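Report on the following structure.
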Amino acid sequence: MTNEYEQTLTIYSPADEVFAWLADVGNLPHYLPPVKDSWIEGPSTPGTPGDRIGIKVEIPGRYETESTGYFHADTVTRRMEWGAEFGRDYSGWLTVNESGEGESEVTAHLSFGPRSVEGEVQESSPEEQDSMDKGISSTLESIRRQIEEGSGKVRPPSAEA
């Protein structure tokens, strides 16, 4: 069984500019709440789109780790795709569409299968809160803050949250 999560947010900036900023792997730490660092390692594995990237993730009070995955950005369709290359059932996509003059709609979508960390994350979260929905909304709000205000990202919840 796969669980899907999706949200959309309007950003007051042209779609091409928003997508160009989002598609830069070096900017991932500026809008993905748990990501502390990101880099391109080389081409992805055969049959997987884009590049293999490395990321350093920190969940305050819980853990810090590094992992690899794939990342592909299509500037023509303004669509990004990413996910785990091995051992985990995790993937996602993000699109940026024009929604008006100088406005963009950014939609983020996540898919978690049985071999993902979704269950572990949900179990460690307060019962009244869906961590996956909160993670997407935090990501979209971080994108809005960076693009519209030049301010910081939404921080991941601590272990006490």
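Residue numbers start at 1 in each chain; chains themselves are named A, B, ... in the order of the structure tokens; ligands are numbered from 1 in the order shown.
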
Counting only C-alpha atoms, which residues of region 19-93 of chain A sit at most 9 Å from some atom of region 135-144 of chain A, and what is each one's closest atom pair with its distance in Å to one decimal, listed by chain and rising residue number, as CSV?
```
residue,atom,partner,partner_atom,distance
A:Leu22,CA,A:Ile143,CA,8.1
A:His30,CA,A:Ser142,CA,7.5
A:Tyr31,CA,A:Ser142,CA,4.9
A:Leu32,CA,A:Thr139,CA,5.3
A:Pro33,CA,A:Thr139,CA,6.3
```

Exercise for review: Skip Glu101 (chain A) itself and residues of its chain fewer than 6 positions away, then list as a list in words all residues within 10 Å of it, counting only C-alpha atoms.
Suggested key: Tyr12, Ser13, Pro14 and Ala15 of chain A

Check your understanding: Got a sec to tell me which of region 17-96 of chain A DSSP assigns to strand (DSSP E), as a PyMOL selection string?
Key -> chain A and resi 35-43+51-59+63-74+79-83+90-96

May I have the residues from that selection written out with N, CA and C atoms, as a compact mmCIF listing (two decimals), in the first residue's frame?
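In the end it all went to again.txt:
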```txt
# COMPACT_ATOMS: atom_id res chain seq x y z
N VAL A 35 16.62 19.12 5.91
CA VAL A 35 17.85 19.01 5.12
C VAL A 35 18.84 20.09 5.54
N LYS A 36 20.05 19.65 5.91
CA LYS A 36 21.11 20.56 6.34
C LYS A 36 22.12 20.83 5.22
N ASP A 37 22.29 19.87 4.29
CA ASP A 37 23.24 20.02 3.20
C ASP A 37 22.80 19.11 2.06
N SER A 38 23.16 19.49 0.83
CA SER A 38 22.83 18.67 -0.35
C SER A 38 23.87 18.90 -1.43
N TRP A 39 24.11 17.86 -2.24
CA TRP A 39 25.12 17.94 -3.28
C TRP A 39 24.83 16.90 -4.36
N ILE A 40 25.34 17.15 -5.55
CA ILE A 40 25.23 16.18 -6.64
C ILE A 40 26.43 15.26 -6.57
N GLU A 41 26.16 13.94 -6.60
CA GLU A 41 27.24 12.96 -6.56
C GLU A 41 27.61 12.45 -7.94
N GLY A 42 26.70 12.55 -8.90
CA GLY A 42 26.95 12.05 -10.25
C GLY A 42 25.65 11.59 -10.88
N PRO A 43 25.75 10.84 -11.97
CA PRO A 43 24.52 10.35 -12.61
C PRO A 43 23.79 9.35 -11.73
N ASP A 51 20.08 13.00 -11.60
CA ASP A 51 21.35 12.84 -10.91
C ASP A 51 21.17 12.10 -9.60
N ARG A 52 22.25 11.48 -9.17
CA ARG A 52 22.30 10.96 -7.79
C ARG A 52 22.74 12.14 -6.93
N ILE A 53 21.98 12.37 -5.86
CA ILE A 53 22.35 13.44 -4.95
C ILE A 53 22.56 12.87 -3.56
N GLY A 54 23.33 13.58 -2.78
CA GLY A 54 23.51 13.26 -1.38
C GLY A 54 22.88 14.34 -0.55
N ILE A 55 22.32 13.95 0.59
CA ILE A 55 21.75 14.93 1.51
C ILE A 55 22.13 14.56 2.94
N LYS A 56 22.27 15.58 3.74
CA LYS A 56 22.47 15.42 5.17
C LYS A 56 21.20 15.93 5.83
N VAL A 57 20.58 15.06 6.65
CA VAL A 57 19.31 15.36 7.29
C VAL A 57 19.50 15.37 8.80
N GLU A 58 18.84 16.32 9.45
CA GLU A 58 18.87 16.38 10.91
C GLU A 58 17.46 16.60 11.43
N ILE A 59 17.02 15.71 12.31
CA ILE A 59 15.77 15.88 13.04
C ILE A 59 16.19 16.18 14.47
N TYR A 63 17.73 12.39 15.38
CA TYR A 63 18.86 11.79 14.68
C TYR A 63 19.41 12.72 13.61
N GLU A 64 20.58 12.36 13.12
CA GLU A 64 21.23 13.03 11.99
C GLU A 64 21.78 11.92 11.10
N THR A 65 21.61 12.04 9.79
CA THR A 65 22.06 11.01 8.88
C THR A 65 22.35 11.59 7.50
N GLU A 66 23.08 10.84 6.70
CA GLU A 66 23.30 11.17 5.30
C GLU A 66 22.71 10.05 4.46
N SER A 67 22.17 10.42 3.31
CA SER A 67 21.64 9.41 2.39
C SER A 67 21.77 9.90 0.96
N THR A 68 21.51 9.00 0.03
CA THR A 68 21.54 9.34 -1.38
C THR A 68 20.19 9.03 -2.00
N GLY A 69 19.94 9.64 -3.13
CA GLY A 69 18.71 9.40 -3.88
C GLY A 69 18.86 10.01 -5.26
N TYR A 70 17.77 10.03 -6.00
CA TYR A 70 17.82 10.65 -7.32
C TYR A 70 17.05 11.96 -7.30
N PHE A 71 17.41 12.84 -8.24
CA PHE A 71 16.79 14.16 -8.36
C PHE A 71 16.81 14.53 -9.83
N HIS A 72 15.65 14.85 -10.36
CA HIS A 72 15.53 15.24 -11.77
C HIS A 72 14.67 16.48 -11.88
N ALA A 73 15.15 17.47 -12.60
CA ALA A 73 14.40 18.71 -12.81
C ALA A 73 14.23 18.93 -14.31
N ASP A 74 12.99 19.07 -14.76
CA ASP A 74 12.66 19.32 -16.16
C ASP A 74 12.22 20.78 -16.29
N ARG A 79 8.85 20.69 -13.67
CA ARG A 79 8.51 19.57 -12.78
C ARG A 79 9.81 18.94 -12.27
N MET A 80 9.86 18.71 -10.97
CA MET A 80 10.98 18.01 -10.34
C MET A 80 10.48 16.67 -9.84
N GLU A 81 11.36 15.67 -9.88
CA GLU A 81 11.06 14.36 -9.31
C GLU A 81 12.27 13.94 -8.47
N TRP A 82 12.01 13.22 -7.40
CA TRP A 82 13.08 12.73 -6.54
C TRP A 82 12.63 11.47 -5.84
N GLY A 83 13.58 10.80 -5.24
CA GLY A 83 13.22 9.62 -4.47
C GLY A 83 14.43 8.81 -4.07
N TYR A 90 10.06 5.47 -1.45
CA TYR A 90 9.80 6.89 -1.25
C TYR A 90 10.07 7.63 -2.55
N SER A 91 9.15 8.50 -2.93
CA SER A 91 9.36 9.37 -4.08
C SER A 91 8.47 10.59 -3.94
N GLY A 92 8.73 11.55 -4.78
CA GLY A 92 7.91 12.75 -4.78
C GLY A 92 8.09 13.53 -6.06
N TRP A 93 7.23 14.49 -6.24
CA TRP A 93 7.35 15.41 -7.37
C TRP A 93 6.85 16.77 -6.94
N LEU A 94 7.28 17.77 -7.67
CA LEU A 94 6.89 19.14 -7.42
C LEU A 94 6.72 19.82 -8.76
N THR A 95 5.64 20.58 -8.93
CA THR A 95 5.43 21.34 -10.15
C THR A 95 5.26 22.81 -9.81
N VAL A 96 5.63 23.64 -10.77
CA VAL A 96 5.43 25.08 -10.65
C VAL A 96 4.67 25.53 -11.89
```

Exercise for review: Just give me the gap between CA of Lys134 (chain A) and CA of Gly100 (chain A) in Å, one decimal is fine.
Suggested key: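 Interatomic distance here is 26.5 Å.
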
Point to revise | Between CA of Glu6 (chain A) and CA of Asp133 (chain A), distance in Å (one decimal) | key: 7.8 Å

Revision key, fill the gap. Correct to one decimal, the distance CA of Asp24 (chain A)-CA of Gly61 (chain A) is 28.6 Å

Point to revise | Top pick for closest residue to Ala20 (chain A), considering A:Ser99, A:Val76, A:Lys153, A:Gln7 and counting only C-alpha atoms | key: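 That would be A:Val76, the residue with the smallest distance to Ala20 (chain A).
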
**Study point:** 8 Å contact set for Ile11 (chain A), only C-alpha atoms, chain neighbours under 2 positions out, as a list in words
**Key:**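 Once the adjacent positions are removed, what remains is Leu9, Ser13, Glu103, Ser104, Glu105, Val106, Arg144, Ile147 and Glu148 of chain A.
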
Save the residues we just selected, C-alpha atoms, as a PDB file, in the first residue's frame?
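Saved file selection00.pdb follows:
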```
ATOM      1  CA  LEU A   9       0.519  27.041  -2.354  1.00  0.00           C
ATOM      2  CA  SER A  13       6.777  35.374  -8.196  1.00  0.00           C
ATOM      3  CA  GLU A 103       2.101  34.413  -9.491  1.00  0.00           C
ATOM      4  CA  SER A 104       2.908  30.711  -9.359  1.00  0.00           C
ATOM      5  CA  GLU A 105       1.201  27.667  -7.983  1.00  0.00           C
ATOM      6  CA  VAL A 106       3.662  25.271  -6.389  1.00  0.00           C
ATOM      7  CA  ARG A 144       7.264  31.096  -0.034  1.00  0.00           C
ATOM      8  CA  ILE A 147      11.105  33.526  -2.723  1.00  0.00           C
ATOM      9  CA  GLU A 148       8.867  36.328  -1.462  1.00  0.00           C
TER      10      GLU A 148
END
```

Members of chain A assigned alpha helix (DSSP H) by DSSP, as an mmCIF file with C-alpha atoms, in the first residue's frame:
```
data_model
loop_
_atom_site.group_PDB
_atom_site.id
_atom_site.type_symbol
_atom_site.label_atom_id
_atom_site.label_comp_id
_atom_site.auth_asym_id
_atom_site.auth_seq_id
_atom_site.Cartn_x
_atom_site.Cartn_y
_atom_site.Cartn_z
ATOM 1 C CA ALA A 15 6.932 30.473 -12.363
ATOM 2 C CA ASP A 16 10.205 30.314 -14.324
ATOM 3 C CA GLU A 17 12.064 32.143 -11.558
ATOM 4 C CA VAL A 18 10.513 30.009 -8.815
ATOM 5 C CA PHE A 19 11.333 26.779 -10.635
ATOM 6 C CA ALA A 20 14.905 27.812 -11.448
ATOM 7 C CA TRP A 21 15.562 28.459 -7.758
ATOM 8 C CA LEU A 22 13.862 25.238 -6.605
ATOM 9 C CA LEU A 28 17.396 22.157 -1.056
ATOM 10 C CA PRO A 29 18.639 23.010 2.474
ATOM 11 C CA HIS A 30 16.941 26.412 2.169
ATOM 12 C CA TYR A 31 13.443 24.978 1.873
ATOM 13 C CA GLU A 118 6.622 7.146 6.985
ATOM 14 C CA GLY A 119 5.475 4.777 9.753
ATOM 15 C CA GLU A 120 8.415 5.622 12.006
ATOM 16 C CA VAL A 121 7.876 9.358 11.513
ATOM 17 C CA GLN A 122 4.123 9.162 12.121
ATOM 18 C CA GLU A 123 4.617 7.047 15.285
ATOM 19 C CA SER A 131 3.714 14.713 10.210
ATOM 20 C CA MET A 132 3.614 14.194 6.459
ATOM 21 C CA ASP A 133 1.003 16.904 5.883
ATOM 22 C CA LYS A 134 2.892 19.204 8.257
ATOM 23 C CA GLY A 135 6.154 18.459 6.429
ATOM 24 C CA ILE A 136 4.675 19.418 3.058
ATOM 25 C CA SER A 137 3.093 22.589 4.415
ATOM 26 C CA SER A 138 6.405 23.521 6.106
ATOM 27 C CA THR A 139 8.251 22.955 2.834
ATOM 28 C CA LEU A 140 5.810 25.082 0.842
ATOM 29 C CA GLU A 141 5.885 27.839 3.467
ATOM 30 C CA SER A 142 9.701 27.740 3.427
ATOM 31 C CA ILE A 143 9.646 28.144 -0.369
ATOM 32 C CA ARG A 144 7.264 31.096 -0.034
#
```

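Residues lying within 7 Å of Glu4 (chain A), counting only C-alpha atoms and ignoring same-chain neighbours fewer than 4 positions away, are Leu110, Ser111 and Phe112 of chain A.
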
Practice item. Using only C-alpha atoms, find the one residue out of A:Ser151, A:Asn3, A:Gln146, A:Thr75 that sits nearest to His109 (chain A). Key: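 For His109 (chain A), the nearest of the given residues is A:Asn3.
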